[in-house]
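Here the structure is laid out as structure tokens; the discussion comes afterwards.
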Amino acid sequence: TVFSELGADDFSKWRLITYKTQTAWDQYPNDFSTFTQGKGYFINLLTATNLVVDGATTPSYNKETPFSLTLAPGWNQIGNPYTFPMKWSEVLAANSNPAGVATTLKVYKGTYQDADQLDVFEGGFVLNSGSSNVNVTIPIVGSLAGGRLESPSYNLSDDHWIAPISVTVGEQLSVLGGVGMHPQASVGVDTYDDFTPPAIGDYAQLNFAHPEHFLKVATRDVVPTMPSYTWKFTVEATQSGKGHLDWNPENFGSGSNELYLMDVTLQRVVDMRVERTYAFDASSS
């Protein structure tokens with residue numbers, strides 16, 4: 001009844017899916033026919049349509065009895081269970097910062113982006129890197145002082161820094177990639193690394209090999225703070241042809257630390273403090 005204004009389930013006009021596995025999606029109405037509170041969904045519409053939910057009621061949760069959510073190992077497509085904004089940093093704080101649960105949400109706005117808040121009726125992805133379910137309660141917004149989010153530094157001279165690197169191939173853009181250092185990070189996967197949620201179509205992304213992790217690749221790789229380090233990554237894209245990597249050298253600070261990009265196949269080296277983009281052809285680089 002929620003989508004009665006759209007007419008019968010016609011995949012040429014609208015389609016509703018929700019995450020199942022890293023390579024598969026459940027699709028309405030064959031795989032599910034009802035909604036689950038706290039779960040997220042994608043809907044693709046050919047024509048914009050206003051939906052009216054008849055007989056809707058406010059969920060009966062409050063500060064004393066908040067909504068509870070189970071995060072399975074791997075990616076979880078979640079939805080805001082409340083009729084007001086939900087902050088992920090407050091969720092983490094309310095649950096004593098559970099180990100292995102990502103510190104940021106991933107929301108889709110043409111491409112995946114980091115976020116801390118889900119607005120009303122909004123959904124996103126959360127990664128549970130552990131091997132077992134994690135049960136969390138969703139507190140009322142404003143009931144806690146905040147979570148464990150740390151403001152990133154982009155200055156290469158700091159003991160912790162991030163150099164975001166976006167990648168574009170064809171019409172596909174990813175802004176989640178990059179490299180960095182942090183004194184509490186490890187060479188392997190940890191909470192400072194980042195991953196790309198499951199693709200819903202064509203995509204382009206940076207891949208840093210991490211065979212020890214069940215996702216096998218990270219899209220942002222942060223290592224312990226050290227005098228020098230070499231990151232190795234590939235660009236994976238479903239579209240062929242020309243692309244480019246982009247970064248902002250103005251954020252690197254005025255120190256003496258250097259950062260270079262090398263195209264291994266073509267043996268080209270780029271000083272990332274001088275340049276801010278690198279164009280490549282996916283068929284030759």
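Residues in the structure tokens are numbered from 1 in each chain, the chains being A, B, ... in the order shown, and ligands are numbered from 1 in the order shown.
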
Neighbours of Asp281 in chain A within 9 Å (only C-alpha atoms; same-chain residues fewer than 2 positions away dropped), as a PyMOL selection string? chain A and resi 169+240-244+279+283-285

Counting only C-alpha atoms, which residues of range 113-202 of chain A fall within 8 Å of range 218-231 of chain A, and what is the closest atom pair for each with its distance in Å at one decimal, ordered by chain and rising number, as CSV?
```
residue,atom,partner,partner_atom,distance
A:Asp159,CA,A:Thr225,CA,6.1
A:His160,CA,A:Thr225,CA,6.9
A:Ile162,CA,A:Val222,CA,7.7
A:Leu176,CA,A:Thr219,CA,6.6
A:Gly177,CA,A:Arg220,CA,4.7
A:Gly178,CA,A:Arg220,CA,4.6
A:Val179,CA,A:Asp221,CA,4.9
A:Gly180,CA,A:Val222,CA,4.4
A:Met181,CA,A:Val223,CA,4.8
A:His182,CA,A:Thr225,CA,5.1
A:Pro183,CA,A:Thr225,CA,4.9
A:Gln184,CA,A:Pro224,CA,6.4
A:Ala185,CA,A:Pro224,CA,4.8
A:Ser186,CA,A:Val223,CA,5.2
A:Val187,CA,A:Val223,CA,4.9
A:Gly188,CA,A:Val223,CA,7.7
A:Tyr192,CA,A:Val222,CA,6.0
A:Asp193,CA,A:Asp221,CA,5.1
A:Asp194,CA,A:Arg220,CA,4.9
A:Phe195,CA,A:Ala218,CA,4.9
A:Thr196,CA,A:Thr219,CA,6.3
```

Keeping only N, CA, C and O atoms, write those residues as a CSV table (one decimal), in the first residue's frame.
```csv
chain,number,residue,atom,x,y,z
A,159,ASP,N,51.1,14.2,12.9
A,159,ASP,CA,51.3,12.7,13.1
A,159,ASP,C,50.2,11.9,12.7
A,159,ASP,O,50.3,10.7,12.6
A,160,HIS,N,49.0,12.5,12.4
A,160,HIS,CA,47.9,11.8,11.8
A,160,HIS,C,47.3,12.7,10.7
A,160,HIS,O,47.1,13.9,10.9
A,162,ILE,N,45.2,12.6,6.5
A,162,ILE,CA,44.5,11.9,5.4
A,162,ILE,C,44.7,12.7,4.2
A,162,ILE,O,44.6,13.9,4.2
A,176,LEU,N,35.6,8.4,-1.9
A,176,LEU,CA,36.0,7.8,-0.6
A,176,LEU,C,37.4,7.4,-0.5
A,176,LEU,O,37.9,7.0,0.5
A,177,GLY,N,38.2,7.4,-1.6
A,177,GLY,CA,39.5,6.9,-1.7
A,177,GLY,C,40.5,7.8,-1.0
A,177,GLY,O,40.3,9.0,-0.7
A,178,GLY,N,41.8,7.3,-0.8
A,178,GLY,CA,42.8,8.1,-0.2
A,178,GLY,C,43.8,7.3,0.6
A,178,GLY,O,43.7,6.1,0.7
A,179,VAL,N,44.8,8.0,1.1
A,179,VAL,CA,45.9,7.4,1.9
A,179,VAL,C,46.1,8.2,3.1
A,179,VAL,O,45.7,9.4,3.2
A,180,GLY,N,46.8,7.7,4.1
A,180,GLY,CA,47.0,8.5,5.3
A,180,GLY,C,47.8,7.7,6.3
A,180,GLY,O,48.2,6.6,6.1
A,181,MET,N,48.2,8.4,7.4
A,181,MET,CA,48.9,7.8,8.5
A,181,MET,C,48.2,8.2,9.8
A,181,MET,O,47.6,9.3,9.9
A,182,HIS,N,48.4,7.4,10.8
A,182,HIS,CA,47.9,7.6,12.2
A,182,HIS,C,48.7,6.8,13.2
A,182,HIS,O,48.9,5.6,12.9
A,183,PRO,N,49.1,7.4,14.3
A,183,PRO,CA,49.9,6.6,15.3
A,183,PRO,C,49.3,5.3,15.8
A,183,PRO,O,49.9,4.4,16.2
A,184,GLN,N,47.9,5.3,15.8
A,184,GLN,CA,47.2,4.1,16.3
A,184,GLN,C,46.8,3.2,15.2
A,184,GLN,O,46.1,2.2,15.5
A,185,ALA,N,47.1,3.5,14.0
A,185,ALA,CA,46.7,2.6,12.9
A,185,ALA,C,47.6,1.4,12.8
A,185,ALA,O,48.7,1.4,13.4
A,186,SER,N,47.3,0.5,11.9
A,186,SER,CA,48.1,-0.7,11.7
A,186,SER,C,48.3,-0.8,10.1
A,186,SER,O,47.5,-0.2,9.4
A,187,VAL,N,49.2,-1.6,9.7
A,187,VAL,CA,49.4,-1.8,8.3
A,187,VAL,C,48.2,-2.6,7.7
A,187,VAL,O,47.8,-2.5,6.6
A,188,GLY,N,47.6,-3.5,8.6
A,188,GLY,CA,46.4,-4.2,8.2
A,188,GLY,C,45.2,-3.4,8.3
A,188,GLY,O,45.3,-2.2,8.6
A,192,TYR,N,40.7,3.0,11.0
A,192,TYR,CA,41.0,4.2,10.2
A,192,TYR,C,40.9,4.0,8.7
A,192,TYR,O,41.0,4.9,7.9
A,193,ASP,N,40.8,2.7,8.3
A,193,ASP,CA,40.7,2.5,6.8
A,193,ASP,C,39.2,2.6,6.4
A,193,ASP,O,38.3,2.7,7.3
A,194,ASP,N,39.0,2.6,5.1
A,194,ASP,CA,37.6,2.8,4.7
A,194,ASP,C,37.3,1.9,3.5
A,194,ASP,O,38.2,1.5,2.8
A,195,PHE,N,36.0,1.6,3.3
A,195,PHE,CA,35.6,0.7,2.3
A,195,PHE,C,34.4,1.3,1.5
A,195,PHE,O,33.7,2.2,2.0
A,196,THR,N,34.2,0.8,0.3
A,196,THR,CA,33.1,1.2,-0.6
A,196,THR,C,31.9,0.3,-0.4
A,196,THR,O,32.1,-0.9,-0.6
```

Who sits within 9 Å of Asp116 in chain A, only C-alpha atoms, same chain under 4 positions skipped, as number ranges by chain: A: 86-89, 103-106

Close residues, Ala282 in chain A itself excluded, 12 Å, only C-alpha atoms, min 5 positions apart in chain, as number ranges by chain: A: 167-170, 204, 234-245, 263, 265-266

Could you check the closest approach to Glu212 in chain A for each of A:Tyr41, A:Val189, A:Leu71, A:Thr49 and tell me which residue wins, using only C-alpha atoms? A:Val189

Give me every helix (DSSP H, G or I) residue in range 41-117 of chain A, going by DSSP on the backbone, as a list in words. Trp88, Ser89, Glu90, Val91, Leu92, Ala93 and Ala94 of chain A

I want to know what sits within 12 Å of Ile200 in chain A, based on only C-alpha atoms, with residues of the same chain fewer than 2 positions away left out; could you give that as a PyMOL selection string? chain A and resi 16-26+41-44+108+110-112+172+196-198+202-204+238

Given the choices A:Tyr260, A:Trp247, A:Phe125, A:Phe252, which gets closest to Lys232 in chain A if the distance is worked out from only C-alpha atoms?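 Counting only C-alpha atoms, the residue closest to Lys232 in chain A is A:Tyr260.
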
Taken to one decimal, the CA of Leu127 in chain A-CA of Trp161 in chain A distance is 22.2 Å

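Proximity of A:Leu51, A:Leu46, A:Ile138, A:Val217 to Tyr82 in chain A, computed with only C-alpha atoms, is greatest for A:Ile138.
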
Spatial neighbours of Phe3 in chain A, 10 Å, only C-alpha atoms, chain gap at least 4 places, as an mmCIF file with C-alpha atoms, in the first residue's frame:
```
data_model
loop_
_atom_site.group_PDB
_atom_site.id
_atom_site.type_symbol
_atom_site.label_atom_id
_atom_site.label_comp_id
_atom_site.auth_asym_id
_atom_site.auth_seq_id
_atom_site.Cartn_x
_atom_site.Cartn_y
_atom_site.Cartn_z
ATOM 1 C CA GLY A 7 0.764 1.295 -9.728
ATOM 2 C CA ALA A 8 1.581 -2.394 -10.091
ATOM 3 C CA ASP A 9 5.188 -3.549 -9.761
ATOM 4 C CA TRP A 14 9.998 1.685 -10.725
ATOM 5 C CA THR A 49 5.777 10.784 -7.559
ATOM 6 C CA ASN A 50 4.424 11.999 -4.210
ATOM 7 C CA LEU A 51 3.557 9.118 -1.889
ATOM 8 C CA VAL A 52 0.827 9.322 0.744
ATOM 9 C CA VAL A 53 0.988 6.731 3.535
#
```

How far is it from CA of Asn135 in chain A to CA of Glu64 in chain A, in Å with one decimal? 16.9 Å

Write out as a ChimeraX atom specification all residues of range 190-238 of chain A that DSSP puts in strand (DSSP E) for this structure's backbone. /A:204-209,217-218,220-223,234-237

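Distances to Lys13 in chain A were evaluated for A:Phe214, A:Gly100, A:Gly38, A:Ala48 using only C-alpha atoms, and the minimum falls at A:Ala48.
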
Quick one, how far is CA of Ser151 in chain A from CA of Ser256 in chain A? 22.6 Å

Return the single residue from A:Leu6, A:Val91, A:Leu45, A:Val136 that is closest to Thr70 in chain A, with distances computed using only C-alpha atoms.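 The shortest atom-to-atom distance to Thr70 in chain A comes from A:Val136.
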